[in-house]
file data_39.cif (mmCIF, C-alpha atoms)
data_coords
#
loop_
_atom_site.label_atom_id
_atom_site.label_comp_id
_atom_site.auth_asym_id
_atom_site.auth_seq_id
_atom_site.Cartn_x
_atom_site.Cartn_y
_atom_site.Cartn_z
CA VAL A 143 -13.85 12.46 -19.55
CA ARG A 144 -15.10 14.41 -22.54
CA SER A 145 -13.73 13.77 -25.98
CA PRO A 146 -14.73 15.44 -29.27
CA LEU A 147 -13.39 12.32 -31.02
CA MET A 148 -15.51 9.32 -31.91
CA MET A 149 -14.61 6.53 -29.49
CA ARG A 150 -13.95 3.10 -30.84
CA ARG A 151 -13.66 0.03 -28.70
CA GLN A 152 -11.36 0.82 -25.81
CA LEU A 153 -10.13 3.53 -23.46
CA ASN A 154 -8.36 2.61 -20.24
CA LEU A 155 -7.81 4.77 -17.19
CA ILE A 156 -5.25 2.90 -15.13
CA GLY A 157 -4.58 4.87 -12.01
CA ASP A 158 -2.62 2.77 -9.56
CA HIS A 159 -2.40 5.06 -6.55
CA ALA A 160 -4.01 7.90 -8.58
CA ARG A 161 -6.62 10.06 -6.89
CA ILE A 162 -9.27 12.47 -8.07
CA ILE A 163 -10.49 14.39 -5.05
CA GLY A 164 -13.16 17.03 -4.55
CA PHE A 165 -12.38 18.65 -1.21
CA PHE A 166 -15.33 20.98 -0.81
CA GLY A 167 -18.06 21.64 -3.29
CA THR A 168 -21.53 22.86 -3.90
CA SER A 169 -21.56 21.94 -7.59
CA GLN A 170 -23.53 18.85 -8.53
CA GLN A 171 -21.07 18.03 -11.33
CA ALA A 172 -19.40 14.63 -11.24
CA LEU A 173 -15.67 14.47 -10.56
CA LEU A 174 -15.32 11.89 -13.35
CA ASP A 175 -18.10 12.26 -15.97
CA ILE A 176 -18.07 9.74 -18.85
CA ARG A 177 -20.40 10.27 -21.80
CA LEU A 178 -20.10 10.10 -25.58
CA GLN A 179 -21.31 12.89 -27.82
CA GLU A 180 -22.72 12.05 -31.23
CA ALA A 181 -20.27 12.37 -34.09
CA ALA A 182 -21.24 14.05 -37.36
CA ASN A 183 -22.10 10.66 -38.93
CA LEU A 184 -24.28 9.70 -35.92
CA ASN A 185 -22.59 6.39 -35.24
CA GLY A 186 -19.94 4.92 -33.00
CA ASP A 187 -19.78 3.47 -29.52
CA SER A 188 -17.36 2.58 -26.78
CA ARG A 189 -16.68 -0.99 -25.72
CA ARG A 190 -14.53 -2.55 -23.04
CA MET A 191 -13.45 0.68 -21.36
CA MET A 192 -11.56 -0.05 -18.15
CA ILE A 193 -11.10 2.06 -15.05
CA ALA A 194 -8.70 0.37 -12.64
CA GLY A 195 -6.94 1.47 -9.49
CA MET A 196 -8.58 4.91 -9.32
CA ILE A 197 -9.68 6.57 -6.10
CA VAL A 198 -12.40 9.17 -6.73
CA TYR A 199 -14.17 10.90 -3.86
CA PHE A 200 -15.64 14.04 -2.41
CA ALA A 201 -14.36 14.92 1.02
CA GLN A 202 -17.36 17.18 1.64
CA GLY A 203 -20.27 18.47 -0.43
CA GLY A 204 -20.53 18.04 -4.18
CA GLY A 205 -22.27 15.58 -6.49
CA ASP A 206 -21.46 12.16 -7.94
CA ALA A 207 -17.91 10.89 -7.72
CA VAL A 208 -18.24 8.97 -11.03
CA ARG A 209 -21.07 9.18 -13.57
CA VAL A 210 -21.38 7.07 -16.75
CA LEU A 211 -24.13 8.57 -18.86
CA ALA A 212 -25.72 7.40 -22.10
CA ARG A 213 -28.42 10.08 -22.01
CA ASP A 214 -28.42 13.77 -22.69
CA GLY A 215 -31.59 15.33 -21.36
CA ASP A 216 -34.43 13.31 -22.90
CA ARG A 217 -32.46 11.66 -25.71
CA ASP A 218 -30.05 8.75 -25.85
CA THR A 219 -26.40 9.35 -26.74
CA LEU A 220 -23.89 6.87 -28.13
CA PRO A 221 -23.65 3.45 -26.44
CA ILE A 222 -21.18 2.73 -23.67
CA LEU A 223 -20.85 -1.05 -23.48
CA HIS A 224 -19.06 -3.43 -21.14
CA MET A 225 -17.10 -1.11 -18.87
CA LEU A 226 -14.90 -2.70 -16.25
CA PHE A 227 -14.38 -0.99 -12.89
CA GLU A 228 -11.75 -2.87 -10.91
CA ARG A 229 -9.76 -2.19 -7.70
CA CYS A 230 -11.23 1.31 -7.40
CA GLY A 231 -12.44 3.42 -4.50
CA PHE A 232 -15.48 5.65 -5.07
CA SER A 233 -17.06 7.83 -2.40
CA ALA A 234 -19.80 10.47 -2.37
CA PRO A 235 -20.76 12.91 0.38
CA GLU A 236 -23.10 11.71 3.12
CA SER A 237 -25.66 14.42 2.41
CA GLY A 238 -27.18 15.62 -0.86
CA GLY A 239 -28.05 13.79 -4.05
CA GLY A 240 -24.57 12.69 -5.07
CA VAL A 241 -23.60 9.02 -5.20
CA ALA A 242 -20.29 7.19 -5.44
CA LEU A 243 -20.95 5.60 -8.87
CA ARG A 244 -23.93 6.23 -11.16
CA LEU A 245 -24.62 4.31 -14.40
CA ILE A 246 -27.44 5.84 -16.49
CA GLY A 247 -29.16 5.13 -19.80
CA LEU A 248 -30.72 2.57 -22.11
CA ARG A 249 -27.54 2.38 -24.18
CA THR A 250 -25.13 1.64 -21.35
CA GLN A 251 -25.01 -2.03 -20.42
CA ALA A 252 -23.00 -5.15 -19.54
CA HIS A 253 -20.73 -3.40 -17.04
CA VAL A 254 -18.64 -5.23 -14.45
CA ILE A 255 -17.86 -3.68 -11.06
CA ARG A 256 -15.54 -5.84 -9.00
CA HIS A 257 -13.05 -5.60 -6.15
CA CYS A 258 -14.00 -1.96 -5.49
CA GLU A 259 -14.73 -0.01 -2.32
CA ILE A 260 -17.89 2.04 -2.76
CA GLU A 261 -19.13 4.49 -0.13
CA ASN A 262 -22.57 6.09 -0.32
CA THR A 263 -24.40 4.33 -3.11
CA LEU A 264 -23.87 2.52 -6.35
CA HIS A 265 -26.83 3.72 -8.47
CA VAL A 266 -27.57 1.44 -11.45
CA ALA A 267 -30.11 3.00 -13.85
CA CYS A 268 -28.94 1.38 -17.07
CA ALA A 269 -29.67 -1.73 -19.13
CA ASP A 270 -28.82 -5.43 -19.31
CA GLY A 271 -26.11 -7.62 -17.90
CA VAL A 272 -24.50 -5.60 -15.11
CA LYS A 273 -22.35 -7.64 -12.70
CA ILE A 274 -21.56 -6.30 -9.24
CA GLU A 275 -19.16 -8.76 -7.60
CA HIS A 276 -16.66 -8.96 -4.72
CA ASN A 277 -16.99 -5.34 -3.58
CA ILE A 278 -17.10 -3.65 -0.20
CA ILE A 279 -20.09 -1.30 -0.17
CA ALA A 280 -20.69 0.93 2.84
CA GLY A 281 -21.82 4.37 3.97
CA THR A 282 -24.80 6.17 5.40
CA LYS A 283 -26.88 6.00 2.20
CA CYS A 284 -28.36 2.86 0.62
CA GLY A 285 -25.63 0.54 -0.66
CA ILE A 286 -27.02 -0.33 -4.12
CA VAL A 287 -30.01 1.27 -5.84
CA LEU A 288 -31.34 -0.60 -8.88
CA ASP A 289 -33.62 1.43 -11.15
CA LEU A 290 -33.01 -0.39 -14.43
CA VAL A 291 -34.46 0.78 -17.74
CA GLU A 292 -37.59 -0.95 -19.01
CA GLY A 293 -36.84 -4.43 -20.29
CA ALA A 294 -33.40 -4.68 -18.64
CA PHE A 295 -32.50 -8.15 -17.38
CA ARG A 296 -29.68 -10.40 -16.13
CA THR A 297 -28.20 -8.20 -13.44
CA THR A 298 -26.06 -10.03 -10.89
CA ILE A 299 -25.15 -8.85 -7.39
CA ALA A 300 -22.92 -11.51 -5.82
CA ASP A 301 -20.30 -12.01 -3.12
CA ASN A 302 -20.28 -8.41 -1.87
CA ILE A 303 -19.93 -7.09 1.67
CA ILE A 304 -22.68 -4.49 2.08
CA VAL A 305 -22.83 -2.44 5.29
CA SER A 306 -24.97 0.63 4.67
CA ARG A 307 -27.06 2.47 7.24
CA ASP A 308 -30.03 3.10 4.91
CA GLY A 309 -30.24 -0.46 3.62
CA ALA A 310 -28.18 -2.83 1.53
CA ILE A 311 -30.16 -2.98 -1.74
CA CYS A 312 -33.12 -0.94 -2.97
CA LEU A 313 -34.85 -2.43 -6.02
CA LEU A 314 -37.00 0.13 -7.84
CA SER A 315 -37.28 -1.62 -11.22
CA GLY A 316 -35.72 -4.48 -13.16
CA SER A 317 -36.18 -8.17 -13.93
CA GLN A 318 -34.12 -11.35 -13.69
CA ILE A 319 -31.89 -9.91 -10.96
CA ASP A 320 -29.75 -12.46 -9.13
CA ILE A 321 -28.79 -11.40 -5.61
CA VAL A 322 -26.65 -14.16 -4.07
CA ARG A 323 -24.08 -14.67 -1.29
CA ASN A 324 -23.89 -11.07 -0.08
#
call {"tool": "encode", "arguments": {"input": "data_39.cif", "output": "structure tokens"}}
result
Amino acid sequence: VRSPLMMRRQLNLIGDHARIIGFFGTSQQALLDIRLQEAANLNGDSRRMMIAGMIVYFAQGGGDAVRVLARDGDRDTLPILHMLFERCGFSAPESGGGVALRLIGLRTQAHVIRHCEIENTLHVACADGVKIEHNIIAGTKCGIVLDLVEGAFRTTIADNIIVSRDGAICLLSGSQIDIVRN
């Protein structure tokens, strides 16, 4: 989702029974790529964006199914705060560097991912307060990879079913991470 407009507060993608599918691909582009470009006045943010009922997956090849990015190269972009992913299905190919859902950047934080089916990695490389609850996480790659930005804290991974061949959770960096009842 790319918008030349300055986002304020809320954008909802409600896709009951909607599907975004990449059948075959060699491109490493995400099927659903969410990032905010700086406006002329260099301010703005997005808060409480919701993605519900969407099914986004690559059948074969390709990159990330969904990417939320608050970085552009080596610089931060506008904040993306408190996204809600609910009742979604995200899947990435078994081979290659693509993942089902990737959250990146210092200025993206406080997201909630719940009641989703995630196949082939949820990669969390963002900031504070992410909640991953009541999901089914599976695939041949690691289920959840946590590589939080420096100083990030209060991440919760609770009440998920995680069945992934290459491990349930890989913790690369972060602090105050609660992993309970999975």
call {"tool": "residues_around", "arguments": {"input": "data_39.cif", "residues": "A:Asn154", "least_positions_apart": "5", "cutoff": "10 Å", "atoms": "all atoms listed in the file", "output": "PyMOL selection string"}}
result
chain A and resi 190-194+225-226
call {"tool": "resolve_selection", "arguments": {"input": "data_39.cif", "expression": "the PyMOL selection byres ((chain A and resi 221) around 9)", "output": "list in words"}}
result
Arg177, Leu178, Gly186, Asp187, Ser188, Arg189, Ala212, Asp218, Thr219, Leu220, Ile222, Leu223, Gly247, Leu248, Arg249, Thr250 and Gln251 of chain A
call {"tool": "residues_around", "arguments": {"input": "data_39.cif", "residues": "A:Ile299", "least_positions_apart": "2", "cutoff": "8 Å", "atoms": "only C-alpha atoms", "output": "number ranges by chain"}}
result
A: 273-275, 297, 301-302, 319-322, 324
call {"tool": "resolve_selection", "arguments": {"input": "data_39.cif", "expression": "the PyMOL selection byres ((chain A and resi 310) around 9)", "output": "PyMOL selection string"}}
result
chain A and resi 279-280+283-287+304-309+311-312
call {"tool": "write_last_selection", "arguments": {"input": "data_39.cif", "atoms": "C-alpha atoms", "output": "PDB file, keeping the file's coordinate frame"}}
result
ATOM      1  CA  ILE A 279     -20.090  -1.300  -0.170  1.00  0.00           C
ATOM      2  CA  ALA A 280     -20.690   0.930   2.840  1.00  0.00           C
ATOM      3  CA  LYS A 283     -26.880   6.000   2.200  1.00  0.00           C
ATOM      4  CA  CYS A 284     -28.360   2.860   0.620  1.00  0.00           C
ATOM      5  CA  GLY A 285     -25.630   0.540  -0.660  1.00  0.00           C
ATOM      6  CA  ILE A 286     -27.020  -0.330  -4.120  1.00  0.00           C
ATOM      7  CA  VAL A 287     -30.010   1.270  -5.840  1.00  0.00           C
ATOM      8  CA  ILE A 304     -22.680  -4.490   2.080  1.00  0.00           C
ATOM      9  CA  VAL A 305     -22.830  -2.440   5.290  1.00  0.00           C
ATOM     10  CA  SER A 306     -24.970   0.630   4.670  1.00  0.00           C
ATOM     11  CA  ARG A 307     -27.060   2.470   7.240  1.00  0.00           C
ATOM     12  CA  ASP A 308     -30.030   3.100   4.910  1.00  0.00           C
ATOM     13  CA  GLY A 309     -30.240  -0.460   3.620  1.00  0.00           C
ATOM     14  CA  ILE A 311     -30.160  -2.980  -1.740  1.00  0.00           C
ATOM     15  CA  CYS A 312     -33.120  -0.940  -2.970  1.00  0.00           C
TER      16      CYS A 312
END
call {"tool": "atom_distance", "arguments": {"input": "data_39.cif", "atom1": "atom CA of A:Pro235", "atom2": "atom CA of A:Arg323"}}
result
27.8 Å
call {"tool": "atom_distance", "arguments": {"input": "data_39.cif", "atom1": "atom CA of A:Gln170", "atom2": "atom CA of A:Gly231"}}
result
19.4 Å
call {"tool": "closest_residue", "arguments": {"input": "data_39.cif", "among": "A:Ile255, A:Val266, A:Ile156, A:Cys230", "to": "A:Arg209", "atoms": "only C-alpha atoms"}}
result
A:Val266
call {"tool": "residues_around", "arguments": {"input": "data_39.cif", "residues": "A:Asn262", "least_positions_apart": "5", "cutoff": "6 Å", "atoms": "all atoms listed in the file", "output": "list of chain:residue names"}}
result
A:Ala234, A:Val241, A:Ala242, A:Gly281, A:Lys283
call {"tool": "atom_distance", "arguments": {"input": "data_39.cif", "atom1": "atom CA of A:Gly195", "atom2": "atom CA of A:Gly238"}}
result
26.2 Å
call {"tool": "resolve_selection", "arguments": {"input": "data_39.cif", "expression": "the PyMOL selection byres ((chain A and resi 318) around 12)", "output": "list in words"}}
result
Ala269, Asp270, Gly271, Val272, Leu290, Gly293, Ala294, Phe295, Arg296, Thr297, Thr298, Ile299, Leu313, Ser315, Gly316, Ser317, Ile319, Asp320 and Ile321 of chain A
